[in-house]
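A short worksheet on the structure shown next.
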Amino acid sequence: MPRETKAYREILAQLNAAFPGRGAISLDEAASYYGCSKRTLQRDETFPVGAHNKVVLVNFARWMSAG
């Protein structure tokens, strides 16, 4: 498996600072953090939303660093 990028690590650190002690956030929180609507994220087939519209922070950071 390839090493995570510097951008990924920085984004994950920012997400952990914004949502301390949490491994996942709601889709609404992710949309607000990213600065878009919930619908925009729902339409993106690559966006890592899981069960009950939860977004795992490490997956969110990977998604953000890939784009």
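Scheme for the structure tokens: letters A, B, ... for chains in order shown; per-chain residue numbers from 1; ligand numbers from 1 in order shown.
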
* To do: May I have the residues within 12 Å of A:Gly67 as a list in words, using only C-alpha atoms and disregarding those fewer than 2 positions away in the same chain?
  =>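 The filter keeps Ala7, Tyr8, Asp44, Thr46, Phe47, Phe60, Ala61, Arg62, Trp63, Met64 and Ser65 of chain A.
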
* Apply DSSP to the backbone of this structure and, from chain A, keep only the residues in alpha helix (DSSP H); write these as a PyMOL selection string. => chain A and resi 6-18+27-34+38-43+57-66

Next, dump the selected residues to file, keeping only N, CA and C atoms, as a short mmCIF file (atom, residue, chain, number, x, y, z; two decimals), in the first residue's frame.
```cif
data_model
loop_
_atom_site.label_atom_id
_atom_site.label_comp_id
_atom_site.auth_asym_id
_atom_site.auth_seq_id
_atom_site.Cartn_x
_atom_site.Cartn_y
_atom_site.Cartn_z
N LYS A 6 1.62 13.94 2.03
CA LYS A 6 1.72 15.02 3.02
C LYS A 6 0.40 15.77 3.11
N ALA A 7 -0.25 15.98 1.96
CA ALA A 7 -1.55 16.67 1.95
C ALA A 7 -2.57 15.91 2.79
N TYR A 8 -2.59 14.59 2.65
CA TYR A 8 -3.51 13.76 3.44
C TYR A 8 -3.27 13.96 4.93
N ARG A 9 -2.02 13.88 5.34
CA ARG A 9 -1.70 14.02 6.77
C ARG A 9 -2.08 15.39 7.29
N GLU A 10 -1.86 16.43 6.50
CA GLU A 10 -2.22 17.78 6.92
C GLU A 10 -3.74 17.95 7.02
N ILE A 11 -4.45 17.42 6.04
CA ILE A 11 -5.91 17.52 6.05
C ILE A 11 -6.48 16.74 7.22
N LEU A 12 -5.95 15.55 7.47
CA LEU A 12 -6.42 14.75 8.60
C LEU A 12 -6.18 15.49 9.92
N ALA A 13 -5.04 16.13 10.05
CA ALA A 13 -4.75 16.90 11.27
C ALA A 13 -5.76 18.05 11.42
N GLN A 14 -6.10 18.70 10.33
CA GLN A 14 -7.09 19.79 10.37
C GLN A 14 -8.47 19.25 10.75
N LEU A 15 -8.84 18.11 10.19
CA LEU A 15 -10.13 17.51 10.53
C LEU A 15 -10.17 17.09 12.00
N ASN A 16 -9.08 16.51 12.48
CA ASN A 16 -9.02 16.10 13.89
C ASN A 16 -9.10 17.31 14.82
N ALA A 17 -8.53 18.43 14.39
CA ALA A 17 -8.62 19.65 15.20
C ALA A 17 -10.03 20.23 15.17
N ALA A 18 -10.68 20.14 14.03
CA ALA A 18 -12.04 20.67 13.90
C ALA A 18 -13.08 19.80 14.61
N LEU A 27 -22.94 13.68 7.58
CA LEU A 27 -22.85 14.21 6.22
C LEU A 27 -23.06 15.72 6.24
N ASP A 28 -23.97 16.20 7.07
CA ASP A 28 -24.20 17.64 7.19
C ASP A 28 -22.94 18.37 7.65
N GLU A 29 -22.25 17.80 8.64
CA GLU A 29 -21.01 18.41 9.13
C GLU A 29 -19.93 18.40 8.06
N ALA A 30 -19.84 17.31 7.31
CA ALA A 30 -18.85 17.23 6.24
C ALA A 30 -19.12 18.28 5.17
N ALA A 31 -20.38 18.44 4.79
CA ALA A 31 -20.74 19.44 3.78
C ALA A 31 -20.42 20.84 4.27
N SER A 32 -20.75 21.12 5.50
CA SER A 32 -20.46 22.44 6.07
C SER A 32 -18.95 22.69 6.10
N TYR A 33 -18.17 21.70 6.54
CA TYR A 33 -16.73 21.83 6.59
C TYR A 33 -16.14 22.05 5.21
N TYR A 34 -16.64 21.30 4.23
CA TYR A 34 -16.11 21.37 2.87
C TYR A 34 -16.62 22.61 2.13
N LYS A 38 -25.06 19.35 1.14
CA LYS A 38 -25.12 17.92 1.39
C LYS A 38 -25.42 17.18 0.08
N ARG A 39 -26.29 17.75 -0.73
CA ARG A 39 -26.65 17.13 -2.01
C ARG A 39 -25.46 17.00 -2.95
N THR A 40 -24.59 18.00 -2.93
CA THR A 40 -23.40 17.94 -3.78
C THR A 40 -22.55 16.73 -3.42
N LEU A 41 -22.36 16.50 -2.13
CA LEU A 41 -21.57 15.34 -1.70
C LEU A 41 -22.29 14.04 -2.01
N GLN A 42 -23.60 14.01 -1.84
CA GLN A 42 -24.36 12.80 -2.13
C GLN A 42 -24.29 12.42 -3.61
N ARG A 43 -24.20 13.41 -4.46
CA ARG A 43 -24.13 13.14 -5.90
C ARG A 43 -22.75 12.69 -6.36
N LEU A 57 -13.47 10.19 9.27
CA LEU A 57 -12.53 11.28 9.02
C LEU A 57 -11.34 10.87 8.17
N VAL A 58 -10.79 9.68 8.38
CA VAL A 58 -9.64 9.28 7.56
C VAL A 58 -10.04 9.14 6.09
N ASN A 59 -11.25 8.65 5.84
CA ASN A 59 -11.72 8.53 4.45
C ASN A 59 -12.01 9.90 3.84
N PHE A 60 -12.54 10.81 4.66
CA PHE A 60 -12.79 12.18 4.21
C PHE A 60 -11.47 12.85 3.84
N ALA A 61 -10.45 12.66 4.66
CA ALA A 61 -9.14 13.25 4.39
C ALA A 61 -8.53 12.68 3.11
N ARG A 62 -8.68 11.37 2.91
CA ARG A 62 -8.18 10.76 1.66
C ARG A 62 -8.90 11.34 0.45
N TRP A 63 -10.21 11.46 0.56
CA TRP A 63 -11.03 11.99 -0.53
C TRP A 63 -10.61 13.44 -0.85
N MET A 64 -10.45 14.24 0.20
CA MET A 64 -10.06 15.64 0.00
C MET A 64 -8.67 15.75 -0.59
N SER A 65 -7.75 14.90 -0.20
CA SER A 65 -6.39 15.00 -0.70
C SER A 65 -6.25 14.46 -2.12
N ALA A 66 -7.20 13.65 -2.55
CA ALA A 66 -7.17 13.10 -3.90
C ALA A 66 -7.67 14.10 -4.95
#
```

* atom CA of A:Asn53 and atom CA of A:Glu4, how far apart in Å? ->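 Atom CA of A:Asn53 lies at a distance of 25.0 Å from atom CA of A:Glu4.
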